[in-house]
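*Asks:* Okay, so here is query-v4.txt, and as you'll see once you scroll down, it has compact mmCIF, C-alpha atoms and all ligand atoms.
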# COMPACT_ATOMS: atom_id res chain seq x y z
CA MET A 1 -75.29 -44.80 37.00
CA SER A 2 -75.05 -44.40 40.73
CA ASP A 3 -74.84 -41.55 43.15
CA ILE A 4 -71.97 -41.30 45.62
CA ARG A 5 -72.99 -41.14 49.27
CA ILE A 6 -70.47 -40.09 51.83
CA GLU A 7 -71.36 -40.60 55.48
CA LYS A 8 -69.38 -38.99 58.29
CA LEU A 9 -66.16 -39.46 56.37
CA ARG A 10 -63.03 -38.54 58.24
CA LYS A 11 -59.34 -38.54 57.48
CA GLU A 12 -56.64 -37.73 59.97
CA TYR A 13 -52.93 -37.46 59.26
CA GLY A 14 -51.45 -37.42 62.77
CA GLN A 15 -52.78 -34.24 64.39
CA THR A 16 -54.14 -32.88 61.07
CA VAL A 17 -57.82 -33.47 60.37
CA ALA A 18 -57.86 -33.27 56.55
CA VAL A 19 -61.54 -34.28 56.18
CA ASN A 20 -63.75 -33.70 59.19
CA ASP A 21 -66.82 -35.99 59.33
CA VAL A 22 -68.19 -34.99 55.94
CA THR A 23 -71.66 -36.19 54.95
CA ILE A 24 -72.70 -35.40 51.38
CA THR A 25 -74.34 -37.01 48.35
CA PHE A 26 -73.01 -36.45 44.84
CA PRO A 27 -76.09 -36.93 42.67
CA SER A 28 -76.09 -39.52 39.93
CA GLY A 29 -75.28 -38.25 36.44
CA SER A 30 -74.28 -34.76 37.50
CA VAL A 31 -71.08 -32.75 37.86
CA THR A 32 -70.15 -31.68 41.38
CA CYS A 33 -67.13 -29.43 41.84
CA LEU A 34 -65.30 -29.61 45.15
CA LEU A 35 -64.10 -26.03 45.51
CA GLY A 36 -62.04 -24.43 48.23
CA PRO A 37 -58.68 -22.94 49.14
CA SER A 38 -55.46 -24.90 49.27
CA GLY A 39 -55.35 -27.39 52.14
CA CYS A 40 -59.12 -27.53 52.76
CA GLY A 41 -59.26 -31.30 52.09
CA LYS A 42 -60.60 -31.52 48.52
CA THR A 43 -57.98 -33.89 47.19
CA THR A 44 -58.06 -36.09 50.28
CA LEU A 45 -61.85 -36.46 49.95
CA LEU A 46 -61.52 -37.31 46.26
CA ARG A 47 -58.75 -39.83 46.89
CA MET A 48 -60.85 -41.59 49.54
CA ILE A 49 -63.70 -41.87 47.00
CA ALA A 50 -61.20 -43.39 44.57
CA GLY A 51 -59.88 -45.78 47.21
CA LEU A 52 -56.37 -44.33 46.92
CA GLU A 53 -56.46 -43.21 50.55
CA ASP A 54 -57.74 -45.25 53.52
CA VAL A 55 -60.47 -43.62 55.56
CA THR A 56 -60.01 -42.95 59.29
CA SER A 57 -63.76 -43.43 59.85
CA GLY A 58 -67.05 -43.11 57.99
CA GLU A 59 -68.51 -44.81 54.93
CA ILE A 60 -68.63 -44.40 51.15
CA TYR A 61 -71.44 -45.85 49.02
CA PHE A 62 -71.79 -45.99 45.24
CA GLY A 63 -75.56 -46.40 44.90
CA ASP A 64 -76.42 -49.16 47.37
CA GLN A 65 -72.96 -50.70 47.34
CA LYS A 66 -70.67 -49.96 50.25
CA VAL A 67 -67.20 -49.40 48.78
CA THR A 68 -65.31 -47.97 51.78
CA ASP A 69 -62.88 -50.89 51.94
CA LEU A 70 -62.88 -51.92 48.27
CA ALA A 71 -59.62 -51.74 46.31
CA PRO A 72 -59.54 -48.94 43.69
CA SER A 73 -59.57 -51.45 40.83
CA LYS A 74 -62.87 -52.90 42.12
CA ARG A 75 -64.70 -49.56 42.24
CA ASN A 76 -65.29 -49.03 38.51
CA ILE A 77 -64.11 -45.44 38.61
CA GLY A 78 -61.98 -43.38 36.26
CA MET A 79 -59.62 -40.74 37.56
CA VAL A 80 -57.81 -37.85 35.89
CA PHE A 81 -54.89 -36.38 37.83
CA GLN A 82 -53.17 -32.98 37.88
CA TYR A 83 -50.36 -34.25 35.67
CA PRO A 84 -51.38 -36.14 32.52
CA VAL A 85 -50.78 -39.87 32.87
CA VAL A 86 -49.89 -41.10 29.36
CA TYR A 87 -47.91 -44.01 27.97
CA ARG A 88 -44.80 -43.02 26.06
CA GLY A 89 -43.67 -44.62 22.81
CA ILE A 90 -47.17 -45.26 21.49
CA THR A 91 -49.63 -43.08 19.58
CA VAL A 92 -52.54 -41.11 20.91
CA TYR A 93 -54.96 -43.67 19.48
CA GLU A 94 -53.12 -46.53 21.19
CA ASN A 95 -53.02 -44.64 24.48
CA ILE A 96 -56.80 -44.28 24.48
CA GLU A 97 -57.38 -47.84 23.27
CA LEU A 98 -55.06 -49.53 25.78
CA PRO A 99 -57.45 -50.14 28.71
CA LEU A 100 -60.20 -51.23 26.30
CA LEU A 101 -58.07 -54.17 25.15
CA GLN A 102 -58.80 -55.80 28.53
CA GLU A 103 -62.54 -55.58 27.98
CA LYS A 104 -64.70 -57.96 25.99
CA LEU A 105 -65.44 -55.64 23.09
CA SER A 106 -65.62 -56.29 19.35
CA ASP A 107 -62.98 -54.48 17.26
CA GLN A 108 -65.74 -52.32 15.86
CA GLU A 109 -67.11 -51.35 19.29
CA ARG A 110 -63.62 -50.63 20.60
CA ARG A 111 -62.85 -48.37 17.65
CA LYS A 112 -66.17 -46.58 18.07
CA ARG A 113 -65.49 -45.92 21.77
CA VAL A 114 -62.07 -44.45 20.95
CA MET A 115 -63.27 -42.34 18.03
CA ASP A 116 -66.27 -40.97 19.94
CA VAL A 117 -64.06 -39.44 22.65
CA VAL A 118 -61.45 -38.37 20.11
CA GLU A 119 -64.14 -36.36 18.37
CA THR A 120 -65.62 -34.88 21.56
CA LEU A 121 -62.22 -33.75 22.76
CA GLY A 122 -61.09 -32.49 19.35
CA LEU A 123 -58.16 -34.90 19.10
CA GLN A 124 -58.73 -35.98 15.48
CA SER A 125 -55.57 -34.39 14.10
CA SER A 126 -53.41 -35.98 16.80
CA ILE A 127 -54.52 -39.63 16.76
CA ASN A 128 -51.48 -40.97 14.93
CA LYS A 129 -48.97 -38.76 16.67
CA ASP A 130 -46.39 -39.96 19.15
CA ILE A 131 -47.55 -38.84 22.58
CA THR A 132 -44.14 -37.37 23.45
CA LYS A 133 -44.49 -34.86 20.61
CA LEU A 134 -47.58 -33.23 22.11
CA ASP A 135 -47.93 -30.26 24.47
CA ASN A 136 -49.16 -31.12 27.95
CA GLY A 137 -52.65 -29.69 27.34
CA THR A 138 -53.16 -32.22 24.53
CA ARG A 139 -51.62 -34.96 26.67
CA GLN A 140 -54.11 -34.17 29.39
CA LYS A 141 -56.90 -34.46 26.79
CA VAL A 142 -55.54 -37.92 25.94
CA ALA A 143 -55.54 -38.89 29.62
CA VAL A 144 -59.16 -37.68 29.87
CA ALA A 145 -60.11 -39.54 26.67
CA ARG A 146 -58.60 -42.79 27.96
CA THR A 147 -60.55 -42.51 31.20
CA VAL A 148 -63.84 -41.64 29.51
CA ALA A 149 -63.58 -44.32 26.79
CA ARG A 150 -63.66 -47.01 29.50
CA GLN A 151 -67.12 -45.74 30.46
CA PRO A 152 -66.68 -46.10 34.23
CA GLN A 153 -69.74 -45.34 36.37
CA ILE A 154 -67.92 -42.53 38.19
CA ILE A 155 -65.25 -40.12 36.94
CA LEU A 156 -63.06 -38.17 39.34
CA PHE A 157 -60.99 -35.17 38.23
CA ASP A 158 -58.24 -33.79 40.46
CA GLU A 159 -57.42 -30.26 39.22
CA PRO A 160 -56.83 -31.46 35.64
CA ILE A 161 -56.17 -27.95 34.27
CA THR A 162 -53.83 -26.62 36.96
CA ASN A 163 -50.55 -27.81 35.47
CA VAL A 164 -51.36 -27.26 31.82
CA ASP A 165 -49.52 -24.44 29.96
CA VAL A 166 -51.35 -21.15 29.91
CA ALA A 167 -51.70 -21.38 26.12
CA SER A 168 -53.70 -24.65 26.26
CA LYS A 169 -55.68 -23.94 29.43
CA ASP A 170 -58.69 -22.29 27.80
CA GLN A 171 -58.95 -24.90 25.10
CA LEU A 172 -58.81 -27.74 27.62
CA LYS A 173 -61.36 -26.00 29.83
CA GLN A 174 -63.74 -25.67 26.86
CA ALA A 175 -63.17 -29.33 25.90
CA LEU A 176 -63.94 -30.45 29.46
CA LYS A 177 -67.04 -28.29 29.52
CA ASP A 178 -68.34 -29.87 26.29
CA LEU A 179 -67.42 -33.33 27.54
CA THR A 180 -68.98 -33.08 31.00
CA ARG A 181 -72.23 -31.79 29.47
CA MET A 182 -72.42 -34.93 27.34
CA LEU A 183 -71.40 -37.51 29.90
CA LYS A 184 -74.03 -39.37 31.88
CA GLN A 185 -71.61 -40.43 34.60
CA THR A 186 -71.45 -39.11 38.15
CA ILE A 187 -68.55 -36.67 38.11
CA VAL A 188 -66.64 -35.15 41.02
CA TYR A 189 -64.21 -32.44 39.97
CA VAL A 190 -61.70 -30.86 42.35
CA THR A 191 -60.58 -27.30 41.73
CA HIS A 192 -59.48 -24.22 43.63
CA ASP A 193 -60.51 -22.04 40.67
CA GLN A 194 -63.96 -20.56 41.13
CA THR A 195 -64.39 -19.68 37.42
CA GLU A 196 -63.73 -23.28 36.48
CA ALA A 197 -66.23 -24.48 39.09
CA MET A 198 -68.85 -21.93 38.02
CA THR A 199 -68.46 -23.01 34.37
CA LEU A 200 -68.44 -26.76 34.80
CA ALA A 201 -70.55 -27.59 37.83
CA ASP A 202 -74.19 -28.56 38.17
CA GLN A 203 -73.51 -28.02 41.86
CA ILE A 204 -70.57 -26.82 43.88
CA ALA A 205 -69.56 -28.24 47.24
CA LEU A 206 -67.62 -25.46 48.92
CA MET A 207 -65.02 -26.72 51.41
CA LYS A 208 -63.19 -25.06 54.26
CA ASP A 209 -61.00 -26.68 56.93
CA GLY A 210 -62.07 -30.24 56.07
CA VAL A 211 -65.79 -29.45 56.08
CA VAL A 212 -68.32 -28.89 53.26
CA VAL A 213 -69.81 -25.53 54.21
CA GLN A 214 -72.41 -25.45 51.44
CA ARG A 215 -73.54 -27.50 48.46
CA ASP A 216 -75.60 -25.65 45.92
CA ALA A 217 -76.05 -24.71 42.27
CA PRO A 218 -73.29 -22.24 41.28
CA ARG A 219 -75.60 -19.21 41.09
CA SER A 220 -77.34 -19.99 44.39
CA LEU A 221 -74.01 -20.39 46.12
CA TYR A 222 -72.84 -17.08 44.70
CA ASN A 223 -76.02 -15.15 45.44
CA GLN A 224 -77.02 -16.80 48.70
CA PRO A 225 -73.92 -17.96 50.57
CA ASN A 226 -74.84 -19.73 53.82
CA ASP A 227 -71.75 -18.43 55.47
CA VAL A 228 -69.45 -15.38 55.27
CA PHE A 229 -66.79 -17.73 53.90
CA GLY A 230 -68.80 -18.32 50.69
CA GLY A 231 -69.34 -14.59 50.32
CA TRP A 232 -65.65 -13.91 50.74
CA PHE A 233 -64.25 -16.84 48.71
CA LEU A 234 -66.49 -16.44 45.66
CA GLY A 235 -66.36 -13.32 43.53
CA ASN A 236 -63.50 -11.21 42.35
CA PRO A 237 -63.22 -9.41 44.66
CA GLY A 238 -65.49 -11.13 47.18
CA MET A 239 -68.36 -9.65 49.13
CA ASN A 240 -68.08 -6.45 51.15
CA PHE A 241 -68.87 -7.01 54.83
CA PHE A 242 -69.96 -4.38 57.33
CA ASP A 243 -69.96 -5.03 61.07
CA LEU A 244 -73.08 -3.40 62.45
CA SER A 245 -75.00 -3.48 65.67
CA ALA A 246 -78.76 -3.94 65.81
CA LYS A 247 -80.73 -2.46 68.72
CA THR A 248 -84.31 -3.22 69.61
CA ASN A 249 -86.47 -0.21 70.55
CA GLY A 250 -90.15 0.73 70.44
CA HIS A 251 -90.16 0.67 66.59
CA GLY A 252 -88.54 -2.75 66.18
CA THR A 253 -84.95 -3.78 65.62
CA GLU A 254 -82.99 -1.00 64.03
CA ILE A 255 -79.47 -0.39 62.76
CA GLN A 256 -78.20 3.16 62.74
CA THR A 257 -75.76 3.34 59.86
CA GLY A 258 -74.72 5.91 57.29
CA LEU A 259 -74.76 3.22 54.57
CA PHE A 260 -78.45 3.84 53.84
CA SER A 261 -80.54 6.97 53.41
CA ARG A 262 -82.63 5.94 56.46
CA PRO A 263 -82.08 3.57 59.41
CA LEU A 264 -82.15 -0.11 58.48
CA MET A 265 -84.93 -2.14 60.12
CA ILE A 266 -84.49 -5.88 60.63
CA GLU A 267 -87.36 -8.25 61.30
CA GLY A 268 -86.56 -11.69 62.70
CA LEU A 269 -83.65 -10.93 65.01
CA GLU A 270 -84.42 -12.13 68.51
CA LYS A 271 -82.52 -9.57 70.50
CA ASP A 272 -79.89 -6.86 70.24
CA SER A 273 -77.02 -8.34 68.32
CA ASN A 274 -73.96 -7.69 66.26
CA ILE A 275 -74.42 -8.69 62.64
CA LYS A 276 -72.44 -8.63 59.43
CA LEU A 277 -74.11 -7.13 56.39
CA GLY A 278 -72.82 -8.53 53.09
CA ILE A 279 -73.15 -7.04 49.60
CA ARG A 280 -71.33 -7.99 46.41
CA PRO A 281 -69.32 -5.18 44.76
CA GLU A 282 -71.27 -5.43 41.48
CA GLN A 283 -74.58 -4.98 43.32
CA VAL A 284 -73.68 -1.60 44.83
CA LYS A 285 -75.17 1.15 42.64
CA VAL A 286 -72.90 4.13 42.11
CA SER A 287 -73.65 7.39 40.36
CA GLY A 288 -72.30 10.87 39.94
CA LYS A 289 -75.84 12.19 40.53
CA LYS A 290 -77.88 12.13 43.70
CA ASN A 291 -81.29 10.52 44.12
CA ASP A 292 -83.40 10.05 47.28
CA ARG A 293 -82.22 6.53 48.03
CA MET A 294 -78.55 7.36 47.68
CA VAL A 295 -75.86 8.26 50.18
CA GLN A 296 -72.75 10.31 49.59
CA GLY A 297 -69.26 8.85 49.54
CA THR A 298 -65.73 9.58 48.36
CA ILE A 299 -63.74 7.51 45.91
CA LEU A 300 -60.41 6.41 47.38
CA ARG A 301 -59.28 4.33 44.38
CA LYS A 302 -60.49 3.57 40.89
CA SER A 303 -59.07 0.87 38.60
CA ILE A 304 -60.10 -0.94 35.43
CA VAL A 305 -60.66 -4.69 35.77
CA VAL A 306 -61.21 -7.56 33.30
CA GLY A 307 -64.09 -6.77 30.97
CA GLY A 308 -63.48 -3.02 31.11
CA GLN A 309 -65.51 -2.52 34.28
CA TYR A 310 -64.24 -0.22 36.97
CA LEU A 311 -63.53 -1.31 40.52
CA VAL A 312 -63.91 1.66 42.84
CA THR A 313 -63.09 1.83 46.53
CA ILE A 314 -65.51 4.12 48.31
CA LYS A 315 -65.35 5.62 51.77
CA SER A 316 -68.47 6.84 53.50
CA CYS A 317 -68.64 7.81 57.18
CA ASP A 318 -66.26 5.32 58.77
CA GLN A 319 -66.88 2.50 56.26
CA THR A 320 -64.79 1.54 53.22
CA PHE A 321 -66.03 -0.83 50.53
CA LYS A 322 -65.72 -1.79 46.88
CA ALA A 323 -68.15 -1.36 43.99
CA LYS A 324 -67.86 -2.69 40.46
CA VAL A 325 -69.45 -0.47 37.84
CA GLU A 326 -69.93 -0.44 34.08
CA PRO A 327 -67.18 1.19 31.98
CA GLU A 328 -69.11 4.38 31.04
CA THR A 329 -70.24 5.00 34.63
CA GLY A 330 -66.80 4.26 36.06
CA TYR A 331 -65.02 6.49 33.60
CA ALA A 332 -67.27 9.43 34.40
CA LEU A 333 -67.09 9.14 38.22
CA LYS A 334 -65.30 11.99 39.99
CA ASP A 335 -64.11 11.93 43.64
CA GLU A 336 -67.51 12.66 45.19
CA VAL A 337 -70.12 9.99 44.38
CA TRP A 338 -73.55 8.78 45.41
CA PHE A 339 -74.24 5.16 46.14
CA GLU A 340 -77.08 2.81 47.03
CA ILE A 341 -76.89 -0.62 48.61
CA PRO A 342 -80.07 -2.32 47.34
CA LEU A 343 -81.89 -4.15 50.13
CA LYS A 344 -82.87 -6.99 47.79
CA ASP A 345 -79.19 -7.87 47.37
CA ILE A 346 -77.92 -7.69 50.94
CA ILE A 347 -77.32 -10.71 53.11
CA ILE A 348 -77.33 -10.57 56.88
CA PHE A 349 -75.00 -12.90 58.75
CA GLY A 350 -75.04 -13.57 62.48
CA PRO A 351 -72.07 -13.16 64.83
CA ASP A 352 -71.06 -16.79 64.09
CA GLY A 353 -70.85 -15.99 60.35
CA HIS A 354 -73.98 -17.95 59.32
CA ARG A 355 -76.66 -16.37 57.12
CA LEU A 356 -79.75 -15.27 59.02
CA ASP A 357 -83.26 -15.61 57.70
CA VAL A 358 -84.43 -12.04 58.38
CA LYS A 359 -86.39 -9.33 56.56
CA THR A 360 -84.98 -5.87 56.00
CA SER A 361 -86.56 -2.51 55.23
CA LEU A 362 -85.74 1.16 55.62
CA ALA A 363 -87.41 3.06 58.46
N1 LIG B 1 -50.15 -37.59 52.93
C1 LIG B 1 -50.33 -36.61 53.80
N2 LIG B 1 -49.67 -36.58 54.98
C2 LIG B 1 -49.87 -35.59 55.88
N3 LIG B 1 -50.74 -34.58 55.71
C3 LIG B 1 -51.43 -34.54 54.55
C4 LIG B 1 -51.27 -35.55 53.55
N4 LIG B 1 -52.10 -35.23 52.51
C5 LIG B 1 -52.74 -34.11 52.85
N5 LIG B 1 -52.34 -33.69 54.07
C6 LIG B 1 -52.85 -32.51 54.79
O1 LIG B 1 -54.26 -32.58 54.81
C7 LIG B 1 -54.84 -31.29 54.58
C8 LIG B 1 -55.74 -31.34 53.36
O2 LIG B 1 -54.92 -31.55 52.21
P1 LIG B 1 -55.53 -31.71 50.75
O3 LIG B 1 -54.38 -31.97 49.81
O4 LIG B 1 -56.63 -32.70 50.77
O5 LIG B 1 -56.13 -30.26 50.49
P2 LIG B 1 -56.57 -29.61 49.13
O6 LIG B 1 -57.78 -28.80 49.45
O7 LIG B 1 -56.70 -30.63 48.08
O8 LIG B 1 -55.35 -28.63 48.85
P3 LIG B 1 -54.51 -28.42 47.51
O9 LIG B 1 -55.41 -27.71 46.54
O10 LIG B 1 -53.36 -27.58 47.95
O11 LIG B 1 -54.10 -29.80 47.05
C9 LIG B 1 -53.67 -30.33 54.46
O12 LIG B 1 -53.44 -29.76 55.72
C10 LIG B 1 -52.53 -31.21 54.06
O13 LIG B 1 -51.28 -30.67 54.49
Would you write the structure of this file as structure tokens?

*Replies:*
Amino acid sequence: MSDIRIEKLRKEYGQTVAVNDVTITFPSGSVTCLLGPSGCGKTTLLRMIAGLEDVTSGEIYFGDQKVTDLAPSKRNIGMVFQYPVVYRGITVYENIELPLLQEKLSDQERRKRVMDVVETLGLQSSINKDITKLDNGTRQKVAVARTVARQPQIILFDEPITNVDVASKDQLKQALKDLTRMLKQTIVYVTHDQTEAMTLADQIALMKDGVVVQRDAPRSLYNQPNDVFGGWFLGNPGMNFFDLSAKTNGHGTEIQTGLFSRPLMIEGLEKDSNIKLGIRPEQVKVSGKKNDRMVQGTILRKSIVVGGQYLVTIKSCDQTFKAKVEPETGYALKDEVWFEIPLKDIIIFGPDGHRLDVKTSLA
């Protein structure tokens, strides 16, 4: 199997720069999710890898082979689209088998290839059914099965779950999870759904405005975003940000803020500067009882979220932020609360929004 190397890849549509000089490698045999909001260029990047879209400039390599100008049919890729592409009037089995009829395979090998994917995707009970009789979640599974059975070196998924009925979404997601774990191919999977990306990906390439802002393992991206965008986009809700100003004095660089029980010291900032402090809602500790490290605040709103946790909006001094707390704690909280923002969980971003490599402590 080969990796996919993208070098300074660019796509312009008139004045719109859909993909802006992206350089990235999708490692061989792993699943990379291209994640980002609508219009950030995910699909355009994927379609250029597939050869379905001409590039404006830059290069694409599969292993050592330059494929930038190769026709899609010469690239040995498989692609699954948003809407299931299936052939009407024939059975599920025949749909999956169809492309294999053009390959030099024995009957036995061809049947094995079909039945292996049928089993992995849980399509056994549907193999003799007419494709038109199936719901679109099952049809999408058939489209996936047909792509996988060909055993292409690279498989590209373009939001394959988005247009599937709500009822079949979870089942398809689980089937894709099981499948991608088993496959040895290099997989690029486009989605705007962070849960899907977190579940499926070995690494996520987070995109914004035609640029990959970070490529990392899902947990690293979540815990250590390189940029405020990653902090904001990932999480439900995303990170809290506080605009603070750091001043250098005889003791070092210090931030006077009511968010901590003592002034916040920062080591590694070169001069006085404005920073953004980021903390995820679930990392803020909240309690009805005071301890030395905690600061007082007032609850503005309290609501129950998925999983029974409580999302509370807290105001303290002139700052407002969100905290996610366990059901028992959340239920018991009254209007006046105590909170702690643990230093080990905070991230400091510079004025340009990039994460800074600094050390923090309390004075
Ligand atoms: N064929 C086209 N002609 C003109 N502009 C296009 C074309 N395809 C995409 N664009 C523009 O390029 C930008 C990136 O679009 P793209 O579809 O790649 O984003 P995306 O991240 O996949 O979004 P979505 O999830 O909504 O599909 C957008 O501004 C879009 O309007």

*Asks:* Report as a ChimeraX atom specification which protein, DNA and RNA residues come within 6 Å of ligand LIG 1 (chain B), using all atoms listed in the file.

*Replies:* /A:13,18,37-44

*Asks:* What lies within 10 Å of Asp318 of chain A using only C-alpha atoms, ignoring chain neighbours under 3 positions off, as a list in words?

*Replies:*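 In the requested format, the answer is Thr257, Gly258, Leu259 and Lys315 of chain A.
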
*Asks:* Hey, which of A:Ser126, A:Gln203, A:Thr329, A:Asn76 ends up closest to Ser287 of chain A? Count only C-alpha atoms.

*Replies:*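 Answer, going by the shortest atom-to-atom distance: A:Thr329.
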
*Asks:* Excluding segment 171-186 of chain A and residues on its chain fewer than 6 positions from it, collect all residues at most 8 Å away from it, counting all atoms listed in the file, and give them as a list of chain:residue names.

*Replies:* A:Met1, A:Ser2, A:Asp3, A:Ile4, A:Phe26, A:Pro27, A:Ser28, A:Gly29, A:Ser30, A:Val31, A:Thr120, A:Leu121, A:Gly122, A:Gly137, A:Thr138, A:Lys141, A:Pro152, A:Gln153, A:Ile154, A:Ile155, A:Ile161, A:Glu196, A:Thr199, A:Leu200

*Asks:* Of the candidates A:Lys334, A:Lys276, A:Arg301, A:Lys8, which one gets nearest to Val212 of chain A if we count all atoms listed in the file?

*Replies:*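 That would be A:Lys8, the residue with the smallest distance to Val212 of chain A.
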
*Asks:* Return the single residue from A:Leu277, A:Val284, A:Leu356, A:Leu156 that is closest to Phe241 of chain A, with distances computed using all atoms listed in the file.

*Replies:*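 That would be A:Leu277, the residue with the smallest distance to Phe241 of chain A.
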
*Asks:* Name all residues at most 12 Å from Ile279 of chain A (count all atoms listed in the file; drop same-chain ones fewer than 6 positions away) and give them as a ChimeraX atom specification.

*Replies:* /A:222-225,228,231-232,235,237-242,259,285,321-324,340-349

*Asks:* Mind dumping the selected residues with C-alpha atoms as a tab-separated table (two decimals), in the coordinates of the input?

*Replies:*
chain	number	residue	atom	x	y	z
A	222	TYR	CA	-72.84	-17.08	44.70
A	223	ASN	CA	-76.02	-15.15	45.44
A	224	GLN	CA	-77.02	-16.80	48.70
A	225	PRO	CA	-73.92	-17.96	50.57
A	228	VAL	CA	-69.45	-15.38	55.27
A	231	GLY	CA	-69.34	-14.59	50.32
A	232	TRP	CA	-65.65	-13.91	50.74
A	235	GLY	CA	-66.36	-13.32	43.53
A	237	PRO	CA	-63.22	-9.41	44.66
A	238	GLY	CA	-65.49	-11.13	47.18
A	239	MET	CA	-68.36	-9.65	49.13
A	240	ASN	CA	-68.08	-6.45	51.15
A	241	PHE	CA	-68.87	-7.01	54.83
A	242	PHE	CA	-69.96	-4.38	57.33
A	259	LEU	CA	-74.76	3.22	54.57
A	285	LYS	CA	-75.17	1.15	42.64
A	321	PHE	CA	-66.03	-0.83	50.53
A	322	LYS	CA	-65.72	-1.79	46.88
A	323	ALA	CA	-68.15	-1.36	43.99
A	324	LYS	CA	-67.86	-2.69	40.46
A	340	GLU	CA	-77.08	2.81	47.03
A	341	ILE	CA	-76.89	-0.62	48.61
A	342	PRO	CA	-80.07	-2.32	47.34
A	343	LEU	CA	-81.89	-4.15	50.13
A	344	LYS	CA	-82.87	-6.99	47.79
A	345	ASP	CA	-79.19	-7.87	47.37
A	346	ILE	CA	-77.92	-7.69	50.94
A	347	ILE	CA	-77.32	-10.71	53.11
A	348	ILE	CA	-77.33	-10.57	56.88
A	349	PHE	CA	-75.00	-12.90	58.75

*Asks:* Which one of A:Gly250, A:Gly36, A:Gly14, A:Pro281 sits closest to Leu206 of chain A if you count all atoms listed in the file?

*Replies:*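 Nearest to Leu206 of chain A: A:Gly36.
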
*Asks:* Select, from A:Arg47, A:Arg88, A:Lys359, A:Arg110, the residue with the minimum atom-to-atom distance to Asp130 of chain A, counting all atoms listed in the file.

*Replies:*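 Result for the nearest residue to Asp130 of chain A: A:Arg88.
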
*Asks:* Hey, which of A:Lys208, A:Lys290, A:Arg219, A:Lys129 ends up closest to Glu336 of chain A? Count only C-alpha atoms.

*Replies:*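 The closest residue to Glu336 of chain A is A:Lys290.
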
*Asks:* State, in Å with one decimal place, the distance from atom CA of Ile275 of chain A to atom CA of Arg355 of chain A.

*Replies:*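 These atoms are spaced 9.7 Å apart.
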
*Asks:* Could you state the separation of atom CA of Ser106 of chain A and atom CA of Glu94 of chain A in Å, given to one decimal place?

*Replies:*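 One can read the atom CA of Ser106 of chain A to atom CA of Glu94 of chain A distance as 16.0 Å.
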
*Asks:* The residues within 10 Å of (-57.1, -42.6, 38.8), using only C-alpha atoms and the coordinates of the file, should be reported as a ChimeraX atom specification; which are they?

*Replies:* /A:47,50-52,72-73,77-81,85,147,155-158

*Asks:* Could you pull the residues within 7 Å of Val358 of chain A, counting only C-alpha atoms, minus those fewer than 6 positions along the same chain, as an MDAnalysis selection string?

*Replies:* chainID A and resid 266:269

*Asks:* Could you give me, as a ChimeraX atom specification, the residues within 9 Å of Leu9 of chain A, counting only C-alpha atoms and dropping anything in the same chain fewer than 6 positions from it?

*Replies:* /A:19-23,45,48,55-60

*Asks:* Given 8 Å of margin on each side, can you work out the centre and size in Å (one decimal) of an axis-aligned box holding every listed atom of segment 154-172 of chain A, as lines of an AutoDock Vina configuration file?

*Replies:*
center_x = -58.7
center_y = -31.8
center_z = 32.8
size_x = 34.4
size_y = 37.4
size_z = 31.4

*Asks:* Tell me, in Å to one decimal, how far atom CA of Asn163 of chain A is from atom CA of Val190 of chain A.

*Replies:*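 Interatomic distance here is 13.5 Å.
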